[in-house]
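Colleague: Contents of work.cif (mmCIF, C-alpha atoms and all ligand atoms) are below:
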```
data_my_file
loop_
_atom_site.group_PDB
_atom_site.id
_atom_site.type_symbol
_atom_site.label_atom_id
_atom_site.label_comp_id
_atom_site.auth_asym_id
_atom_site.auth_seq_id
_atom_site.Cartn_x
_atom_site.Cartn_y
_atom_site.Cartn_z
ATOM 1 C CA MET U 214 11.056 26.922 -8.344
ATOM 2 C CA LYS U 215 7.649 25.256 -8.274
ATOM 3 C CA ILE U 216 5.799 24.464 -11.484
ATOM 4 C CA ILE U 217 2.602 22.766 -12.592
ATOM 5 C CA THR U 218 2.791 20.728 -15.781
ATOM 6 C CA THR U 219 -0.239 21.171 -18.029
ATOM 7 C CA ILE U 220 -0.732 19.488 -21.377
ATOM 8 C CA LEU U 221 0.385 22.716 -23.110
ATOM 9 C CA GLY U 222 3.433 23.220 -20.901
ATOM 10 C CA ASP U 223 4.622 24.290 -17.468
ATOM 11 C CA ILE U 224 2.997 27.162 -15.601
ATOM 12 C CA ALA U 225 3.547 28.850 -12.259
ATOM 13 C CA PRO U 226 1.135 27.505 -9.606
ATOM 14 C CA SER U 227 -0.342 31.017 -9.283
ATOM 15 C CA GLU U 228 -1.465 30.816 -12.933
ATOM 16 C CA LEU U 229 -3.658 27.738 -12.440
ATOM 17 C CA GLY U 230 -6.824 29.551 -11.328
ATOM 18 C CA PHE U 231 -10.149 27.811 -10.655
ATOM 19 C CA CYS U 232 -9.531 24.077 -10.968
ATOM 20 C CA GLN U 233 -11.790 21.007 -10.652
ATOM 21 C CA SER U 234 -9.368 18.309 -9.648
ATOM 22 C CA HIS U 235 -10.862 15.104 -11.097
ATOM 23 C CA GLU U 236 -12.743 15.220 -14.393
ATOM 24 C CA HIS U 237 -13.022 13.337 -17.684
ATOM 25 C CA LEU U 238 -13.187 14.966 -21.106
ATOM 26 C CA CYS U 239 -11.911 11.993 -23.084
ATOM 27 C CA ILE U 240 -12.355 8.243 -22.637
ATOM 28 C CA ALA U 241 -12.089 7.244 -26.255
ATOM 29 C CA GLY U 242 -10.684 3.764 -26.569
ATOM 30 C CA THR U 243 -8.672 2.847 -29.624
ATOM 31 C CA GLY U 244 -7.543 -0.451 -31.098
ATOM 32 C CA ASN U 245 -9.087 -3.220 -29.063
ATOM 33 C CA PHE U 246 -9.400 -1.230 -25.866
ATOM 34 C CA PRO U 247 -13.083 -1.607 -25.058
ATOM 35 C CA VAL U 248 -15.020 1.364 -23.740
ATOM 36 C CA LYS U 249 -18.737 0.717 -23.365
ATOM 37 C CA GLY U 250 -21.012 3.041 -25.319
ATOM 38 C CA GLU U 251 -22.384 4.783 -22.239
ATOM 39 C CA GLU U 252 -18.856 5.411 -20.958
ATOM 40 C CA ARG U 253 -17.338 6.768 -24.163
ATOM 41 C CA ILE U 254 -16.360 10.422 -24.187
ATOM 42 C CA ASP U 255 -14.996 10.524 -27.688
ATOM 43 C CA ASP U 256 -16.363 13.493 -29.620
ATOM 44 C CA PRO U 257 -13.687 16.223 -29.799
ATOM 45 C CA GLU U 258 -16.237 18.883 -30.733
ATOM 46 C CA LYS U 259 -18.620 18.057 -27.874
ATOM 47 C CA SER U 260 -15.849 17.829 -25.284
ATOM 48 C CA ARG U 261 -14.455 21.157 -26.479
ATOM 49 C CA GLU U 262 -17.942 22.662 -26.186
ATOM 50 C CA GLU U 263 -18.228 21.357 -22.595
ATOM 51 C CA ALA U 264 -14.861 22.905 -21.735
ATOM 52 C CA ALA U 265 -16.018 26.197 -23.283
ATOM 53 C CA LEU U 266 -19.174 26.158 -21.108
ATOM 54 C CA TYR U 267 -16.980 25.559 -18.067
ATOM 55 C CA ARG U 268 -14.747 28.470 -19.066
ATOM 56 C CA LYS U 269 -17.746 30.743 -19.545
ATOM 57 C CA ALA U 270 -18.970 29.851 -16.044
ATOM 58 C CA GLY U 271 -15.590 30.819 -14.558
ATOM 59 C CA GLY U 272 -13.468 27.674 -14.834
ATOM 60 C CA ASP U 273 -9.768 28.026 -15.667
ATOM 61 C CA ALA U 274 -8.315 24.527 -15.326
ATOM 62 C CA LEU U 275 -9.142 20.897 -14.678
ATOM 63 C CA VAL U 276 -7.424 17.586 -14.083
ATOM 64 C CA ASP U 277 -8.274 14.859 -16.579
ATOM 65 C CA ALA U 278 -7.961 11.645 -14.585
ATOM 66 C CA GLN U 279 -7.743 9.035 -17.376
ATOM 67 C CA PRO U 280 -4.297 7.355 -17.352
ATOM 68 C CA VAL U 281 -2.162 5.868 -20.151
ATOM 69 C CA GLY U 282 -3.213 2.685 -21.938
ATOM 70 C CA CYS U 283 -6.973 2.962 -21.424
ATOM 71 C CA GLY U 284 -8.372 5.427 -23.910
ATOM 72 C CA ARG U 285 -6.804 8.609 -22.558
ATOM 73 C CA GLY U 286 -6.619 10.353 -25.943
ATOM 74 C CA ALA U 287 -3.738 12.783 -25.356
ATOM 75 C CA VAL U 288 -4.199 14.491 -28.733
ATOM 76 C CA MET U 289 -7.882 15.115 -28.104
ATOM 77 C CA LEU U 290 -7.100 16.562 -24.670
ATOM 78 C CA ARG U 291 -4.436 18.847 -26.116
ATOM 79 C CA ASP U 292 -6.825 20.117 -28.800
ATOM 80 C CA ILE U 293 -9.575 20.747 -26.223
ATOM 81 C CA SER U 294 -7.141 22.762 -24.132
ATOM 82 C CA GLN U 295 -5.876 24.769 -27.123
ATOM 83 C CA LYS U 296 -9.312 25.574 -28.447
ATOM 84 C CA SER U 297 -11.142 26.233 -25.172
ATOM 85 C CA GLY U 298 -8.404 27.984 -23.220
ATOM 86 C CA ILE U 299 -8.948 25.589 -20.301
ATOM 87 C CA ARG U 300 -5.706 24.374 -18.761
ATOM 88 C CA ILE U 301 -5.627 20.593 -18.503
ATOM 89 C CA ILE U 302 -3.430 18.596 -16.152
ATOM 90 C CA ALA U 303 -3.259 15.157 -17.790
ATOM 91 C CA SER U 304 -2.504 11.846 -16.090
ATOM 92 C CA THR U 305 -0.220 8.895 -16.441
ATOM 93 C CA GLY U 306 -0.630 5.824 -14.213
ATOM 94 C CA PHE U 307 -3.126 2.959 -14.139
ATOM 95 C CA HIS U 308 -6.825 2.332 -13.618
ATOM 96 C CA LYS U 309 -8.783 -0.536 -12.030
ATOM 97 C CA MET U 310 -7.817 -3.822 -13.634
ATOM 98 C CA ILE U 311 -11.445 -4.505 -14.535
ATOM 99 C CA TYR U 312 -11.119 -1.906 -17.313
ATOM 100 C CA TYR U 313 -8.284 -3.691 -19.134
ATOM 101 C CA PRO U 314 -9.011 -6.523 -21.545
ATOM 102 C CA GLU U 315 -7.325 -9.908 -21.183
ATOM 103 C CA GLY U 316 -3.799 -9.855 -22.575
ATOM 104 C CA HIS U 317 -3.285 -6.122 -21.973
ATOM 105 C CA TRP U 318 0.369 -5.216 -21.326
ATOM 106 C CA ILE U 319 -0.502 -3.721 -17.920
ATOM 107 C CA TYR U 320 -0.774 -7.273 -16.497
ATOM 108 C CA THR U 321 2.732 -8.349 -17.480
ATOM 109 C CA ALA U 322 4.804 -5.136 -17.409
ATOM 110 C CA ARG U 323 7.580 -5.185 -14.785
ATOM 111 C CA THR U 324 7.693 -2.671 -11.927
ATOM 112 C CA ASP U 325 10.836 -0.956 -13.295
ATOM 113 C CA ASP U 326 9.426 -0.659 -16.789
ATOM 114 C CA LEU U 327 6.168 0.777 -15.491
ATOM 115 C CA ALA U 328 8.005 3.321 -13.333
ATOM 116 C CA ARG U 329 10.091 4.378 -16.340
ATOM 117 C CA LEU U 330 7.018 4.634 -18.519
ATOM 118 C CA PHE U 331 5.278 6.887 -15.980
ATOM 119 C CA ILE U 332 8.397 9.049 -15.578
ATOM 120 C CA GLU U 333 8.796 9.396 -19.352
ATOM 121 C CA GLU U 334 5.216 10.562 -19.598
ATOM 122 C CA LEU U 335 5.820 13.126 -16.849
ATOM 123 C CA ARG U 336 9.187 14.300 -18.168
ATOM 124 C CA GLU U 337 9.212 13.885 -21.940
ATOM 125 C CA GLY U 338 5.704 13.535 -23.258
ATOM 126 C CA MET U 339 2.702 11.246 -23.170
ATOM 127 C CA TYR U 340 2.491 8.237 -25.447
ATOM 128 C CA LEU U 341 -0.106 8.360 -28.172
ATOM 129 C CA ASP U 342 -0.759 4.617 -28.179
ATOM 130 C CA GLY U 343 -0.731 1.841 -25.582
ATOM 131 C CA ASP U 344 -4.397 0.900 -25.551
ATOM 132 C CA ARG U 345 -3.494 -2.249 -27.450
ATOM 133 C CA ALA U 346 0.231 -3.008 -27.353
ATOM 134 C CA TYR U 347 2.907 -1.592 -25.053
ATOM 135 C CA PRO U 348 3.250 2.162 -25.731
ATOM 136 C CA GLN U 349 5.727 2.939 -28.528
ATOM 137 C CA LYS U 350 4.691 6.179 -30.131
ATOM 138 C CA LYS U 351 6.038 9.189 -28.273
ATOM 139 C CA GLY U 352 3.593 11.987 -28.324
ATOM 140 C CA ILE U 353 2.817 15.473 -27.291
ATOM 141 C CA GLY U 354 2.264 17.216 -23.997
ATOM 142 C CA ARG U 355 3.489 15.860 -20.682
ATOM 143 C CA ALA U 356 1.384 14.321 -17.934
ATOM 144 C CA GLY U 357 1.141 16.426 -14.784
ATOM 145 C CA GLN U 358 0.224 13.788 -12.222
ATOM 146 C CA ILE U 359 -0.034 10.021 -11.656
ATOM 147 C CA LYS U 360 -3.531 8.566 -11.415
ATOM 148 C CA THR U 361 -3.954 5.126 -9.864
ATOM 149 C CA ALA U 362 -6.777 2.996 -8.526
ATOM 150 C CA LEU U 363 -7.278 0.852 -5.428
ATOM 151 C CA ASP U 364 -9.884 -1.816 -6.125
ATOM 152 C CA SER U 365 -11.924 -3.824 -3.650
ATOM 153 C CA GLU U 366 -9.637 -6.830 -4.259
ATOM 154 C CA GLY U 367 -7.092 -4.917 -2.166
ATOM 155 C CA LEU U 368 -3.308 -4.872 -2.350
ATOM 156 C CA THR U 369 -2.948 -8.192 -4.117
ATOM 157 C CA PRO U 370 0.463 -8.829 -5.737
ATOM 158 C CA ARG U 371 -0.611 -7.324 -9.057
ATOM 159 C CA TYR U 372 -1.729 -4.089 -7.364
ATOM 160 C CA GLN U 373 1.390 -4.017 -5.173
ATOM 161 C CA LYS U 374 3.479 -4.068 -8.357
ATOM 162 C CA LEU U 375 1.489 -1.215 -9.889
ATOM 163 C CA PHE U 376 1.528 0.936 -6.755
ATOM 164 C CA ALA U 377 5.267 0.317 -6.233
ATOM 165 C CA ALA U 378 5.891 1.600 -9.785
ATOM 166 C CA ALA U 379 3.630 4.621 -9.269
ATOM 167 C CA ALA U 380 5.295 5.460 -5.935
ATOM 168 C CA ALA U 381 8.772 5.223 -7.500
ATOM 169 C CA ALA U 382 7.724 7.543 -10.338
ATOM 170 C CA ALA U 383 6.115 10.003 -7.908
ATOM 171 C CA LYS U 384 9.273 10.087 -5.775
ATOM 172 C CA VAL U 385 11.550 10.758 -8.742
ATOM 173 C CA SER U 386 9.304 13.304 -10.437
ATOM 174 C CA GLY U 387 7.935 14.965 -7.317
ATOM 175 C CA CYS U 388 4.439 14.972 -8.772
ATOM 176 C CA ALA U 389 1.163 14.237 -7.006
ATOM 177 C CA LEU U 390 -0.155 10.669 -6.857
ATOM 178 C CA MET U 391 -3.935 10.404 -7.128
ATOM 179 C CA VAL U 392 -5.793 7.248 -6.088
ATOM 180 C CA HIS U 393 -9.305 6.175 -7.040
ATOM 181 C CA ILE U 394 -10.654 4.633 -3.829
ATOM 182 C CA GLU U 395 -13.205 1.914 -4.495
ATOM 183 C CA LYS U 396 -16.003 1.092 -2.071
ATOM 184 C CA GLY U 397 -14.920 -1.860 0.081
ATOM 185 C CA SER U 398 -11.184 -1.154 -0.271
ATOM 186 C CA ASP U 399 -8.774 -0.236 2.529
ATOM 187 C CA PRO U 400 -7.379 3.290 2.042
ATOM 188 C CA LEU U 401 -5.541 3.271 5.392
ATOM 189 C CA GLY U 402 -3.745 0.060 4.428
ATOM 190 C CA LEU U 403 -2.767 1.624 1.099
ATOM 191 C CA SER U 404 -1.424 4.691 2.863
ATOM 192 C CA ASP U 405 0.733 2.399 5.056
ATOM 193 C CA TYR U 406 2.007 0.619 1.950
ATOM 194 C CA LEU U 407 2.884 3.859 0.112
ATOM 195 C CA PHE U 408 4.578 5.236 3.219
ATOM 196 C CA LYS U 409 6.746 2.102 3.319
ATOM 197 C CA GLN U 410 7.640 2.792 -0.324
ATOM 198 C CA GLY U 411 9.149 6.059 0.902
ATOM 199 C CA LEU U 412 6.498 8.372 -0.477
ATOM 200 C CA ALA U 413 5.623 11.565 1.399
ATOM 201 C CA LEU U 414 1.928 11.214 2.197
ATOM 202 C CA GLU U 415 1.477 14.957 1.541
ATOM 203 C CA ARG U 416 1.833 14.103 -2.170
ATOM 204 C CA LEU U 417 -1.214 11.800 -2.116
ATOM 205 C CA ILE U 418 -4.767 12.546 -3.209
ATOM 206 C CA PHE U 419 -7.412 9.961 -2.286
ATOM 207 C CA CYS U 420 -10.583 10.287 -4.384
ATOM 208 C CA HIS U 421 -14.267 9.493 -3.953
ATOM 209 C CA LEU U 422 -14.300 8.842 -0.184
ATOM 210 C CA ASP U 423 -17.515 10.868 -0.081
ATOM 211 C CA ARG U 424 -19.251 7.956 -1.790
ATOM 212 C CA ALA U 425 -16.850 5.088 -1.042
ATOM 213 C CA VAL U 426 -16.244 5.367 2.727
ATOM 214 C CA ALA U 427 -19.183 6.246 4.988
ATOM 215 C CA ASP U 428 -17.153 6.399 8.218
ATOM 216 C CA THR U 429 -15.823 9.956 8.367
ATOM 217 C CA ALA U 430 -13.329 8.929 11.068
ATOM 218 C CA VAL U 431 -11.399 7.317 8.186
ATOM 219 C CA HIS U 432 -11.463 10.629 6.257
ATOM 220 C CA ARG U 433 -10.075 12.446 9.286
ATOM 221 C CA GLU U 434 -7.394 9.831 9.919
ATOM 222 C CA LEU U 435 -6.173 10.075 6.304
ATOM 223 C CA CYS U 436 -6.045 13.873 6.594
ATOM 224 C CA ALA U 437 -4.195 13.569 9.903
ATOM 225 C CA ARG U 438 -1.560 11.567 7.999
ATOM 226 C CA GLY U 439 -1.201 14.465 5.535
ATOM 227 C CA ILE U 440 -3.254 13.052 2.652
ATOM 228 C CA THR U 441 -5.503 15.339 0.588
ATOM 229 C CA LEU U 442 -9.045 14.120 -0.154
ATOM 230 C CA GLU U 443 -10.858 14.771 -3.422
ATOM 231 C CA TYR U 444 -14.661 14.773 -3.087
ATOM 232 C CA ASP U 445 -16.859 14.630 -6.169
ATOM 233 C CA THR U 446 -20.275 13.242 -5.233
ATOM 234 C CA VAL U 447 -21.867 16.488 -6.333
ATOM 235 C CA GLY U 448 -25.034 16.616 -8.422
ATOM 236 C CA ARG U 449 -25.290 12.814 -8.118
ATOM 237 C CA PRO U 450 -28.589 12.083 -6.366
ATOM 238 C CA LYS U 451 -28.174 8.322 -6.908
ATOM 239 C CA TYR U 452 -25.582 8.474 -4.104
ATOM 240 C CA HIS U 453 -26.768 11.400 -1.969
ATOM 241 C CA ASP U 454 -27.982 14.970 -2.330
ATOM 242 C CA ASP U 455 -25.846 18.101 -2.347
ATOM 243 C CA ASP U 456 -26.897 19.076 1.178
ATOM 244 C CA ARG U 457 -25.292 15.931 2.506
ATOM 245 C CA GLU U 458 -22.128 16.720 0.534
ATOM 246 C CA ALA U 459 -22.078 20.236 2.000
ATOM 247 C CA ALA U 460 -22.530 18.762 5.501
ATOM 248 C CA LEU U 461 -19.522 16.480 4.975
ATOM 249 C CA ILE U 462 -17.404 19.408 3.766
ATOM 250 C CA THR U 463 -18.491 21.432 6.821
ATOM 251 C CA GLU U 464 -17.560 18.523 9.109
ATOM 252 C CA MET U 465 -14.074 18.373 7.564
ATOM 253 C CA LEU U 466 -13.688 22.145 7.877
ATOM 254 C CA GLU U 467 -14.600 21.920 11.552
ATOM 255 C CA ALA U 468 -11.983 19.201 11.975
ATOM 256 C CA GLY U 469 -9.392 21.639 10.608
ATOM 257 C CA TYR U 470 -8.740 20.138 7.168
ATOM 258 C CA GLU U 471 -9.583 23.071 4.870
ATOM 259 C CA LYS U 472 -6.204 22.763 3.150
ATOM 260 C CA GLN U 473 -6.683 19.055 2.356
ATOM 261 C CA ILE U 474 -9.945 19.122 0.415
ATOM 262 C CA LEU U 475 -10.304 19.198 -3.379
ATOM 263 C CA LEU U 476 -13.695 19.294 -5.105
ATOM 264 C CA SER U 477 -14.791 18.124 -8.529
ATOM 265 C CA LEU U 478 -17.502 16.233 -10.449
ATOM 266 C CA ASP U 479 -15.725 13.141 -11.886
ATOM 267 C CA THR U 480 -17.733 13.592 -15.087
ATOM 268 C CA THR U 481 -18.966 10.720 -17.200
ATOM 269 C CA ARG U 482 -20.620 10.852 -20.626
ATOM 270 C CA ALA U 483 -24.029 10.866 -18.892
ATOM 271 C CA ARG U 484 -23.007 13.934 -16.877
ATOM 272 C CA LEU U 485 -21.666 16.107 -19.707
ATOM 273 C CA ARG U 486 -24.215 18.583 -21.072
ATOM 274 C CA SER U 487 -22.748 18.681 -24.576
ATOM 275 C CA TYR U 488 -23.346 14.912 -24.860
ATOM 276 C CA GLY U 489 -26.978 15.371 -23.796
ATOM 277 C CA GLY U 490 -26.254 14.619 -20.149
ATOM 278 C CA THR U 491 -26.760 16.425 -16.872
ATOM 279 C CA PRO U 492 -25.718 18.396 -14.810
ATOM 280 C CA GLY U 493 -22.662 19.473 -16.911
ATOM 281 C CA LEU U 494 -19.121 20.480 -16.060
ATOM 282 C CA SER U 495 -20.170 24.000 -15.006
ATOM 283 C CA TYR U 496 -22.604 22.691 -12.339
ATOM 284 C CA ILE U 497 -20.228 23.402 -9.455
ATOM 285 C CA LEU U 498 -19.738 27.026 -10.495
ATOM 286 C CA GLU U 499 -23.376 27.599 -11.311
ATOM 287 C CA SER U 500 -25.171 25.680 -8.552
ATOM 288 C CA PHE U 501 -22.980 23.952 -5.980
ATOM 289 C CA ILE U 502 -20.891 26.949 -4.928
ATOM 290 C CA PRO U 503 -24.041 29.033 -4.300
ATOM 291 C CA LEU U 504 -25.326 26.129 -2.150
ATOM 292 C CA LEU U 505 -22.039 26.021 -0.196
ATOM 293 C CA ARG U 506 -22.383 29.745 0.459
ATOM 294 C CA ARG U 507 -25.946 29.271 1.734
ATOM 295 C CA ARG U 508 -24.590 26.593 4.097
ATOM 296 C CA GLY U 509 -22.176 29.127 5.595
ATOM 297 C CA ILE U 510 -18.984 28.156 3.766
ATOM 298 C CA SER U 511 -17.018 31.328 3.063
ATOM 299 C CA ASP U 512 -15.639 32.557 -0.258
ATOM 300 C CA SER U 513 -12.181 32.249 1.210
ATOM 301 C CA GLN U 514 -12.769 28.559 2.015
ATOM 302 C CA ILE U 515 -14.238 27.985 -1.447
ATOM 303 C CA GLY U 516 -11.134 29.624 -2.935
ATOM 304 C CA THR U 517 -8.990 27.247 -0.908
ATOM 305 C CA PHE U 518 -10.760 24.160 -2.352
ATOM 306 C CA PHE U 519 -10.653 25.276 -5.988
ATOM 307 C CA LYS U 520 -7.531 27.454 -6.240
ATOM 308 C CA GLU U 521 -5.038 27.257 -3.372
ATOM 309 C CA ASN U 522 -5.213 23.507 -2.752
ATOM 310 C CA PRO U 523 -4.896 22.463 -6.428
ATOM 311 C CA ALA U 524 -2.100 25.038 -6.917
ATOM 312 C CA ARG U 525 -0.202 23.439 -4.021
ATOM 313 C CA ILE U 526 -0.801 19.726 -4.556
ATOM 314 C CA PHE U 527 -0.221 19.661 -8.339
ATOM 315 C CA ALA U 528 2.944 21.769 -8.078
ATOM 316 C CA LYS U 529 6.352 20.138 -8.032
ATOM 317 C CA THR U 530 9.888 21.369 -7.808
ATOM 318 C CA ASN U 531 11.434 21.863 -11.212
ATOM 319 C CA LYS U 532 14.733 20.102 -10.750
ATOM 320 C CA PRO U 533 16.152 17.538 -13.102
ATOM 321 C CA LYS U 534 16.778 14.041 -11.802
ATOM 322 C CA ASN U 535 17.807 11.103 -13.872
ATOM 323 C CA PHE U 536 16.133 7.803 -14.436
ATOM 324 C CA ASN U 537 18.815 5.856 -12.541
ATOM 325 C CA GLU U 538 17.176 7.007 -9.359
ATOM 326 C CA VAL U 539 14.348 4.557 -9.978
ATOM 327 C CA SER U 540 15.167 1.512 -7.901
HETATM 328 ZN ZN ZN I 1 -12.681 9.418 -12.547
#
```
Turn this file's structure into structure tokens for me.
Ligand SMILES: [Zn+2]
Modeller:
Amino acid sequence: MKIITTILGDIAPSELGFCQSHEHLCIAGTGNFPVKGEERIDDPEKSREEAALYRKAGGDALVDAQPVGCGRGAVMLRDISQKSGIRIIASTGFHKMIYYPEGHWIYTARTDDLARLFIEELREGMYLDGDRAYPQKKGIGRAGQIKTALDSEGLTPRYQKLFAAAAAAAKVSGCALMVHIEKGSDPLGLSDYLFKQGLALERLIFCHLDRAVADTAVHRELCARGITLEYDTVGRPKYHDDDREAALITEMLEAGYEKQILLSLDTTRARLRSYGGTPGLSYILESFIPLLRRRGISDSQIGTFFKENPARIFAKTNKPKNFNEVS
């Protein structure tokens, strides 16, 4: 049986509904984990309000892409989900090293320990701490996916260790592995590395190529390998306008990759309406989908991006495996 793990529990993939696959409703920072003022998303009331606006516009679910140990705020996410009715798929994993202060445990943790930590978060419950010292306090709600990040420094030994741990946890748990792709990094090289780790490339989601990789031949090659791409440069004129985003989506549809595209906004504090930002979490439903329709993208294709594809990629087989399988 296939299930999707949300922060409030497991659901059938068919229950997921309309889902934006890479968002942020909490980047709080606790202890000495530094989150700059303009990056903080830390007001439970405002984030709940944003989720309610999204629900009103027709949203059912979202993926919160902040991993453990960097201000994820599992309790805040759970409360937002309970109060707004929005299903949240939370993340374990790791972010770009630039976000972690000197001395953070992420730099010294061993591959095995990291893999176990990720698996515990997927199987038993997310940790409530870890921003400062190694996570100790078992919490509530399980993570539903592994979020990782490929930085422009490439697959240096420290990133190899992190990706090896994430791949091991993804293999054991069967969950999706999401990767932030930084401009100037090598996503094809990473896909080779993860393949060598024994990971099925169909379980991978590579994010932000619509602003990180201009050469669309790379997008097509990743899709040809089975990888799903998450695009989110929507309502972000500092990168490009929405017409250009629609043209990219059309190009990928013409190449035959309808089933490997996810769409989202990758919200920041400055882009959440309830924090005084723009365009808000409901922008896709209110403005971008109408634009896609005007550009000739069908309702069936739109349903594939926001319902069918998330329901498939975030689903995993519900069969118990034990931790000894991590090697
Ligand atoms: Zn993000």
Colleague: The PyMOL selection byres (((chain U and resi 464) around 12) and not hetatm) on the file shown: which residues, as JSON, numbers by chain?
Modeller: {"U": [423, 429, 430, 432, 433, 457, 458, 459, 460, 461, 462, 463, 465, 466, 467, 468, 469, 470, 471, 474, 508, 510]}
Colleague: Using the chain letters and numbers from this file, what does the PyMOL selection byres (((not hetatm)) within 9 of (chain I and resi 1)) select? Give the answer as an MDAnalysis selection string.
Modeller: chainID U and resid 235:237 277:279 393 420:421 478:481
Colleague: Can you work out which one of U:Gly271, U:Pro348, U:Gly387, U:Gly230 has the shortest atom-to-atom distance to Arg336 of chain U, counting only C-alpha atoms?
Modeller: U:Gly387
Colleague: Step by step, work through what the PyMOL selection byres (((chain U and resi 404) around 10) and not hetatm) selects in the shown file, and finish by giving those residues as a list in words.
Modeller: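 Applying the expression gives Asp399, Pro400, Leu401, Gly402, Leu403, Asp405, Tyr406, Leu407, Phe408, Lys409, Gln410, Leu412, Ala413, Leu414, Leu417, Phe419, Leu435, Arg438 and Ile440 of chain U.
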Colleague: Could you save the residues just selected, with C-alpha atoms, as a compact mmCIF listing (two decimals), keeping the file's coordinate frame?
Modeller:
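So the final result, stored in result_31.txt, reads:
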```
# COMPACT_ATOMS: atom_id res chain seq x y z
CA ASP U 399 -8.77 -0.24 2.53
CA PRO U 400 -7.38 3.29 2.04
CA LEU U 401 -5.54 3.27 5.39
CA GLY U 402 -3.74 0.06 4.43
CA LEU U 403 -2.77 1.62 1.10
CA ASP U 405 0.73 2.40 5.06
CA TYR U 406 2.01 0.62 1.95
CA LEU U 407 2.88 3.86 0.11
CA PHE U 408 4.58 5.24 3.22
CA LYS U 409 6.75 2.10 3.32
CA GLN U 410 7.64 2.79 -0.32
CA LEU U 412 6.50 8.37 -0.48
CA ALA U 413 5.62 11.56 1.40
CA LEU U 414 1.93 11.21 2.20
CA LEU U 417 -1.21 11.80 -2.12
CA PHE U 419 -7.41 9.96 -2.29
CA LEU U 435 -6.17 10.07 6.30
CA ARG U 438 -1.56 11.57 8.00
CA ILE U 440 -3.25 13.05 2.65
```
Colleague: Quick one: residues within 12 Å of segment 337-339 of chain U, only C-alpha atoms, excluding same-chain residues fewer than 3 positions away - as number ranges by chain?
Modeller: U: 218-222, 280-282, 285-288, 290-291, 302-306, 329-334, 342-343, 348-359, 386, 533, 536
Colleague: Rounded to one decimal in Å, what is the spacing between atom CA of Arg486 of chain U and atom CA of Phe519 of chain U?
Modeller: 21.4 Å
Colleague: Within 9 Å of (-6.9, -1.0, -23.4) (file coordinates; all atoms listed in the file), which protein or nucleic acid residues are there? I'd like them as a PyMOL selection string.
Modeller: chain U and resi 242-248+281-284+312-314+317-319+343-346
Colleague: Please measure the separation of atom CA of Pro523 of chain U and atom CA of Gly272 of chain U, giving the value in Å to one decimal.
Modeller: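 Separation of atom CA of Pro523 of chain U and atom CA of Gly272 of chain U: 13.1 Å.
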